[in-house]
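**Student:** Sharing work-v7.cif (mmCIF, C-alpha atoms and all ligand atoms) below.
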data_model
#
loop_
_atom_site.label_atom_id
_atom_site.label_comp_id
_atom_site.auth_asym_id
_atom_site.auth_seq_id
_atom_site.Cartn_x
_atom_site.Cartn_y
_atom_site.Cartn_z
CA MET A 58 137.91 104.32 96.56
CA ALA A 59 134.48 105.93 96.13
CA VAL A 60 131.68 105.14 98.56
CA ILE A 61 128.78 103.27 96.95
CA THR A 62 125.31 104.28 98.06
CA LEU A 63 123.09 101.20 98.15
CA ALA A 64 119.29 101.48 98.43
CA LEU A 65 117.98 98.47 100.28
CA ALA A 66 114.32 97.41 100.28
CA LYS A 67 112.87 97.39 103.79
CA GLY A 68 110.53 94.54 104.61
CA ARG A 69 110.64 90.80 104.35
CA THR A 70 113.87 90.47 102.34
CA ALA A 71 115.95 93.03 104.28
CA ASP A 72 117.33 90.65 106.92
CA SER A 73 118.54 88.07 104.42
CA VAL A 74 120.15 90.77 102.24
CA LEU A 75 121.96 92.18 105.30
CA GLU A 76 123.13 88.66 106.10
CA LEU A 77 124.44 88.32 102.54
CA LEU A 78 126.21 91.70 102.81
CA GLU A 79 127.84 90.48 106.01
CA GLN A 80 128.97 87.25 104.30
CA ALA A 81 130.38 89.47 101.54
CA GLY A 82 132.46 91.33 104.13
CA TYR A 83 130.31 94.42 104.78
CA ARG A 84 129.38 94.95 108.43
CA PHE A 85 127.05 97.64 109.71
CA PRO A 86 127.80 98.07 113.42
CA ASP A 87 125.08 100.74 113.92
CA PHE A 88 122.33 98.61 112.37
CA HIS A 89 119.78 96.90 114.58
CA PRO A 90 116.22 95.92 113.67
CA GLN A 91 114.51 98.31 116.12
CA SER A 92 116.44 101.35 114.90
CA ARG A 93 114.51 104.15 113.15
CA LYS A 94 117.71 105.32 111.41
CA LEU A 95 117.57 105.22 107.62
CA ILE A 96 121.24 105.65 106.67
CA PHE A 97 124.09 103.37 107.75
CA SER A 98 127.78 103.10 106.87
CA ASP A 99 129.77 99.88 106.94
CA ASP A 100 132.82 99.75 109.20
CA GLN A 101 135.21 100.11 106.21
CA ARG A 102 133.22 103.09 104.84
CA GLN A 103 132.86 101.46 101.43
CA LEU A 104 129.07 101.21 101.43
CA ARG A 105 126.42 103.71 102.48
CA LEU A 106 123.17 101.86 103.04
CA ILE A 107 119.84 103.67 102.73
CA LEU A 108 116.60 101.92 103.70
CA VAL A 109 113.60 102.56 101.44
CA LYS A 110 110.23 101.01 100.54
CA PRO A 111 110.67 98.08 98.08
CA LEU A 112 108.77 99.84 95.28
CA ASP A 113 110.83 103.03 95.72
CA VAL A 114 114.25 101.38 95.23
CA PRO A 115 114.17 101.63 91.37
CA ALA A 116 113.46 105.39 91.52
CA TYR A 117 116.43 106.07 93.85
CA VAL A 118 118.70 104.10 91.53
CA GLU A 119 117.36 105.43 88.22
CA LYS A 120 117.70 109.04 89.38
CA GLY A 121 121.20 108.47 90.78
CA ALA A 122 120.33 109.20 94.43
CA ALA A 123 121.70 105.69 94.98
CA ASP A 124 124.41 104.05 92.87
CA ALA A 125 122.86 100.63 93.34
CA GLY A 126 119.80 99.02 94.84
CA VAL A 127 118.50 95.71 96.08
CA THR A 128 114.84 94.90 95.56
CA GLY A 129 112.47 92.34 94.04
CA LYS A 130 112.11 91.96 90.29
CA ASP A 131 108.39 92.64 90.83
CA ASN A 132 109.22 96.22 91.84
CA ILE A 133 111.76 96.68 89.03
CA MET A 134 109.16 95.56 86.46
CA GLU A 135 106.40 97.67 87.98
CA ARG A 136 108.54 100.83 87.87
CA ALA A 137 110.00 99.97 84.43
CA ALA A 138 113.16 101.69 85.65
CA ASP A 139 116.00 102.49 83.27
CA VAL A 140 118.73 100.73 85.28
CA TYR A 141 121.08 97.78 84.85
CA ASP A 142 119.78 94.57 86.46
CA LEU A 143 123.13 92.89 87.15
CA LEU A 144 122.83 90.14 89.73
CA ASP A 145 120.22 87.66 90.90
CA LEU A 146 120.77 87.35 94.65
CA ALA A 147 118.71 84.12 94.79
CA LEU A 148 116.61 85.51 97.66
CA GLY A 149 112.89 86.41 97.88
CA GLN A 150 111.97 83.83 95.28
CA CYS A 151 108.33 83.84 94.26
CA GLN A 152 106.32 84.34 91.07
CA PHE A 153 103.82 86.66 89.44
CA ILE A 154 100.49 84.94 88.89
CA LEU A 155 97.04 85.67 87.53
CA ALA A 156 94.44 84.14 89.85
CA GLY A 157 90.69 84.04 90.23
CA LYS A 158 87.71 81.99 91.40
CA GLN A 159 87.21 80.63 87.90
CA HIS A 160 88.64 80.86 84.40
CA LEU A 161 88.41 84.12 82.48
CA PRO A 162 85.13 84.66 80.63
CA SER A 163 85.52 83.50 77.03
CA ASP A 164 83.57 86.48 75.57
CA PRO A 165 86.40 88.72 74.19
CA ALA A 166 84.13 91.78 74.38
CA GLN A 167 83.62 91.43 78.10
CA LYS A 168 85.85 93.74 80.16
CA ILE A 169 87.78 91.97 82.92
CA MET A 170 88.13 93.69 86.29
CA VAL A 171 91.65 93.13 87.63
CA ALA A 172 92.89 94.02 91.12
CA SER A 173 96.62 94.32 91.72
CA LYS A 174 99.41 95.90 93.75
CA TYR A 175 101.21 95.97 90.38
CA PRO A 176 98.98 97.95 87.98
CA VAL A 177 101.67 98.39 85.31
CA VAL A 178 102.46 94.65 85.20
CA ALA A 179 98.74 93.80 85.14
CA ARG A 180 97.98 96.37 82.39
CA THR A 181 100.87 95.09 80.26
CA TYR A 182 99.68 91.48 80.61
CA PHE A 183 96.14 92.22 79.35
CA ASP A 184 97.21 94.75 76.69
CA ARG A 185 99.66 92.24 75.16
CA ARG A 186 96.82 89.74 74.82
CA GLY A 187 94.37 92.34 73.52
CA ILE A 188 91.97 91.54 76.37
CA PRO A 189 89.91 94.54 77.53
CA ALA A 190 90.59 95.05 81.21
CA GLU A 191 90.17 97.63 83.95
CA VAL A 192 92.90 97.58 86.57
CA ILE A 193 92.20 98.60 90.15
CA LYS A 194 95.30 99.39 92.24
CA LEU A 195 95.25 97.92 95.73
CA ASN A 196 97.93 98.08 98.41
CA GLY A 197 97.50 94.66 100.02
CA SER A 198 95.05 91.84 100.85
CA VAL A 199 94.62 91.60 97.08
CA GLU A 200 93.14 88.07 97.29
CA LEU A 201 90.06 89.59 98.89
CA ALA A 202 89.03 91.43 95.70
CA PRO A 203 87.56 88.46 93.74
CA LEU A 204 85.94 87.07 96.89
CA ILE A 205 83.81 90.13 97.55
CA GLY A 206 83.17 91.18 93.94
CA LEU A 207 85.62 94.06 93.62
CA ALA A 208 87.40 92.30 90.73
CA ASP A 209 87.18 89.16 88.58
CA VAL A 210 90.87 88.31 88.88
CA ILE A 211 94.10 89.43 90.56
CA VAL A 212 97.69 89.82 89.43
CA ASP A 213 99.82 89.19 92.50
CA ILE A 214 102.75 87.34 93.99
CA MET A 215 102.63 83.69 94.97
CA GLU A 216 105.31 82.10 97.09
CA THR A 217 103.97 78.96 98.80
CA GLY A 218 100.44 79.25 97.35
CA THR A 219 98.91 79.18 100.85
CA THR A 220 97.16 82.54 100.56
CA LEU A 221 95.49 81.57 97.27
CA GLN A 222 94.53 78.14 98.60
CA GLU A 223 93.08 79.41 101.86
CA ASN A 224 90.95 81.88 99.92
CA GLY A 225 89.75 79.40 97.32
CA LEU A 226 91.53 81.01 94.36
CA LEU A 227 93.03 79.21 91.36
CA VAL A 228 96.20 80.04 89.47
CA LEU A 229 94.97 80.94 85.96
CA ASP A 230 98.35 81.86 84.49
CA LYS A 231 101.99 82.29 85.49
CA LEU A 232 103.53 85.59 84.46
CA GLY A 233 107.15 84.97 85.46
CA ASP A 234 109.64 84.28 88.20
CA ILE A 235 110.64 86.91 90.75
CA SER A 236 113.74 87.13 92.91
CA THR A 237 115.74 89.82 94.66
CA ARG A 238 118.12 91.62 92.28
CA LEU A 239 121.03 94.01 92.40
CA ILE A 240 120.32 96.98 90.14
CA VAL A 241 122.82 99.68 89.23
CA ASN A 242 122.51 103.28 88.05
CA LYS A 243 123.73 103.58 84.46
CA ALA A 244 126.00 106.60 85.07
CA SER A 245 127.46 105.13 88.28
CA PHE A 246 128.26 101.94 86.39
CA THR A 247 130.66 104.04 84.29
CA THR A 248 131.94 106.57 86.83
CA LYS A 249 132.37 104.07 89.70
CA SER A 250 133.04 101.08 87.48
CA ARG A 251 135.90 99.60 89.53
CA ASP A 252 134.17 99.93 92.88
CA ILE A 253 130.92 98.51 91.53
CA HIS A 254 132.70 95.52 90.03
CA THR A 255 134.50 94.96 93.34
CA PHE A 256 131.14 95.13 95.15
CA ILE A 257 129.53 92.63 92.75
CA ASN A 258 132.45 90.23 93.11
CA GLN A 259 132.26 90.48 96.91
CA LEU A 260 128.51 89.73 96.75
CA LYS A 261 129.16 86.72 94.51
CA THR A 262 131.72 85.44 97.02
CA GLY A 263 129.18 85.95 99.83
CA MET A 264 126.65 83.86 97.89
CA GLU A 265 128.97 80.86 97.53
N1 LIG A 301 105.40 85.66 99.72
C1 LIG A 301 105.83 86.83 99.28
N2 LIG A 301 104.97 87.83 99.21
C2 LIG A 301 105.38 89.05 98.83
N3 LIG A 301 106.62 89.36 98.46
C3 LIG A 301 107.50 88.39 98.51
C4 LIG A 301 107.16 87.09 98.91
N4 LIG A 301 108.26 86.37 98.85
C5 LIG A 301 109.20 87.18 98.43
N5 LIG A 301 108.77 88.43 98.20
C6 LIG A 301 109.58 89.59 97.75
O1 LIG A 301 109.74 90.47 98.88
C7 LIG A 301 109.57 91.82 98.48
C8 LIG A 301 109.18 92.65 99.68
O2 LIG A 301 107.99 92.18 100.22
P1 LIG A 301 107.27 92.98 101.38
O3 LIG A 301 106.01 92.23 101.69
O4 LIG A 301 108.22 93.26 102.48
O5 LIG A 301 107.04 94.38 100.69
P2 LIG A 301 105.76 95.19 100.33
O6 LIG A 301 104.55 94.35 100.55
O7 LIG A 301 105.98 95.76 98.97
O8 LIG A 301 105.91 96.34 101.37
P3 LIG A 301 104.79 97.13 102.04
O9 LIG A 301 104.13 96.14 102.98
O10 LIG A 301 105.59 98.18 102.75
O11 LIG A 301 103.89 97.63 100.96
C9 LIG A 301 108.55 91.75 97.36
O12 LIG A 301 108.63 92.88 96.55
C10 LIG A 301 108.98 90.45 96.63
O13 LIG A 301 110.00 90.75 95.72
O1 LIG A 302 101.94 82.25 98.33
P1 LIG A 302 102.11 82.74 99.73
O2 LIG A 302 103.26 82.10 100.43
O3 LIG A 302 100.84 82.62 100.53
O4 LIG A 302 102.52 84.29 99.67
C1 LIG A 302 101.84 85.21 98.86
C2 LIG A 302 101.21 86.31 99.65
O5 LIG A 302 102.22 87.11 100.28
C3 LIG A 302 102.07 88.48 99.86
O6 LIG A 302 101.28 89.18 100.72
P2 LIG A 302 101.86 89.91 102.01
O7 LIG A 302 102.16 88.90 103.07
O8 LIG A 302 102.98 90.82 101.61
O9 LIG A 302 100.61 90.73 102.49
P3 LIG A 302 99.81 91.93 101.79
O10 LIG A 302 100.41 92.22 100.43
O11 LIG A 302 98.42 91.40 101.67
O12 LIG A 302 99.97 93.06 102.73
C4 LIG A 302 101.40 88.37 98.50
O13 LIG A 302 100.76 89.57 98.12
C5 LIG A 302 100.44 87.23 98.72
O14 LIG A 302 99.25 87.65 99.31
#
Show this structure as C-alpha cells.
Ligand SMILES: Nc1ncnc2c1ncn2[C@@H]1O[C@H](COP(=O)(O)OP(=O)(O)OP(=O)(O)O)[C@@H](O)[C@H]1O
Ligand SMILES: O=P(O)(O)OC[C@H]1O[C@H](OP(=O)(O)OP(=O)(O)O)[C@H](O)[C@@H]1O
**Tutor:**
Amino acid sequence: MAVITLALAKGRTADSVLELLEQAGYRFPDFHPQSRKLIFSDDQRQLRLILVKPLDVPAYVEKGAADAGVTGKDNIMERAADVYDLLDLALGQCQFILAGKQHLPSDPAQKIMVASKYPVVARTYFDRRGIPAEVIKLNGSVELAPLIGLADVIVDIMETGTTLQENGLLVLDKLGDISTRLIVNKASFTTKSRDIHTFINQLKTGME
C-alpha cells in the first residue's frame, strides 16, 4: 500500500476537513491546532498530510508534490490547475458574486474597475461578456474597495451575505457555487489508482 500525500488547505475549513478525515478512519495523533508542524502522518501510515495555504493547494497537486488536495473550488478555479476534481466534500459552501454600490454603468465603452482576491476569475467573467475591465488584485477586506473609490465593483465570496450587507453593497450577479473539493494529481490517479479509490471510498463513508 502506497502512502498518499494529501495537501490540506489551512484556514477556516481545516478543522472540519480533519473531522471528516477522522470519521473516514484517519487519525493524526500528532496534530493539534497550536502546532507549527506542517507534515503529519496518520496512525496507520496511509496518509501523509501537508498543510498549505488554500490558494497553493492546486499547485502542489498539479506538480505532483502531493497526490491529492483538499481546498475550495474558488482556489481551484483561480489557479486553473490541470487536476482531477473528484469529490465534493459538502463543506465550506459559499458562492462567487459580483457586488457593488450600484448597477454596472450601461455605457459599454466605459472601463469597469474591479477589485478581487481572484483576479483570474474576475478577468474571465468580464472577458466572456466583452466588458472592458481593469482588475486590481487585493488580498482581503475586498468590500472596502468600492466604498473608498478604489474600484467600481468586486468579485468575491459570499457566505451569509453579512459582510456585503454591513458595507452597503448589492449582489449584482452570481458567478457560481463554491464548496471544498478533493482534487487528485493526474499521474497519481493512474499510479496509485487502488489506494486513491480506497481513500475516496473511505471519505464517502465518513460523509454519510
Ligand atoms: N465566508 C467565507 N469566506 C471565505 N471563504 C469561505 C467562506 N466560507 C467558506 N469559504 C471557503 O474557505 C476557504 C478558505 O478560507 P480562508 O478565509 O481560510 O482562506 P484565505 O482567506 O484564502 O486564506 P488567507 O487568509 O490565508 O489568505 C476559501 O477558499 C473558501 O473556499
Ligand atoms: O457572506 P459572509 O458570511 O459575510 O462571508 C463573506 C466574507 O468572508 C470572506 O472574508 P474573510 O473573512 O476571509 O476575510 P478577508 O478575506 O477580508 O481577510 C469573504 O472574502 C467575504 O468578505
**Student:** With only C-alpha atoms and all ligand atoms counted, collect every polymer residue having an atom within 7 Å of ligand LIG 302 (chain A); state the result as a ChimeraX atom specification.
**Tutor:** /A:196-200,213-221
**Student:** Restricting the output to C-alpha atoms, write the selected residues as an mmCIF file, keeping the file's coordinate frame.
**Tutor:**
data_model
loop_
_atom_site.group_PDB
_atom_site.id
_atom_site.type_symbol
_atom_site.label_atom_id
_atom_site.label_comp_id
_atom_site.auth_asym_id
_atom_site.auth_seq_id
_atom_site.Cartn_x
_atom_site.Cartn_y
_atom_site.Cartn_z
ATOM 1 C CA ASN A 196 97.930 98.080 98.410
ATOM 2 C CA GLY A 197 97.500 94.660 100.020
ATOM 3 C CA SER A 198 95.050 91.840 100.850
ATOM 4 C CA VAL A 199 94.620 91.600 97.080
ATOM 5 C CA GLU A 200 93.140 88.070 97.290
ATOM 6 C CA ASP A 213 99.820 89.190 92.500
ATOM 7 C CA ILE A 214 102.750 87.340 93.990
ATOM 8 C CA MET A 215 102.630 83.690 94.970
ATOM 9 C CA GLU A 216 105.310 82.100 97.090
ATOM 10 C CA THR A 217 103.970 78.960 98.800
ATOM 11 C CA GLY A 218 100.440 79.250 97.350
ATOM 12 C CA THR A 219 98.910 79.180 100.850
ATOM 13 C CA THR A 220 97.160 82.540 100.560
ATOM 14 C CA LEU A 221 95.490 81.570 97.270
#
**Student:** Hey, which of A:Leu112, A:Ala64, A:Ile96, A:Ala147 ends up closest to Glu265 (chain A)? Count all atoms listed in the file.
**Tutor:** A:Ala147
**Student:** Enumerate residues in contact with ligand LIG 301 (chain A): an atom-to-atom distance of at most 7 Å, counting all atoms listed in the file. Format the result as a list in words.
**Tutor:**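 Counting only what the definition allows, namely all atoms listed in the file, the set is Lys67, Gly68, Arg69, Thr70, Lys110, Pro111, Leu112, Thr128, Gly129, Lys130, Asp131, Asn132, Gly149, Gln150, Cys151, Asn196, Ile214, Met215, Glu216, Thr217, Ile235, Ser236 and Thr237 of chain A.
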**Student:** So how far away is CA of Ser163 (chain A) from CA of Ala190 (chain A), in Å?
**Tutor:** 13.3 Å
**Student:** Of the candidates A:Phe183, A:Phe256, A:Tyr117, A:Tyr83, which one gets nearest to Phe97 (chain A) if we count all atoms listed in the file?
**Tutor:**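 Answer, going by the shortest atom-to-atom distance: A:Tyr83.
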**Student:** Just give me the gap between CA of Ile240 (chain A) and CA of Arg84 (chain A) in Å, one decimal is fine.
**Tutor:** 20.5 Å
**Student:** I'd like to know which of A:Ala156, A:Ile133, A:Val171, A:Ile107 is closest to Glu119 (chain A), using only C-alpha atoms.
**Tutor:**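 Smallest separation from Glu119 (chain A) among the options: A:Ile133.
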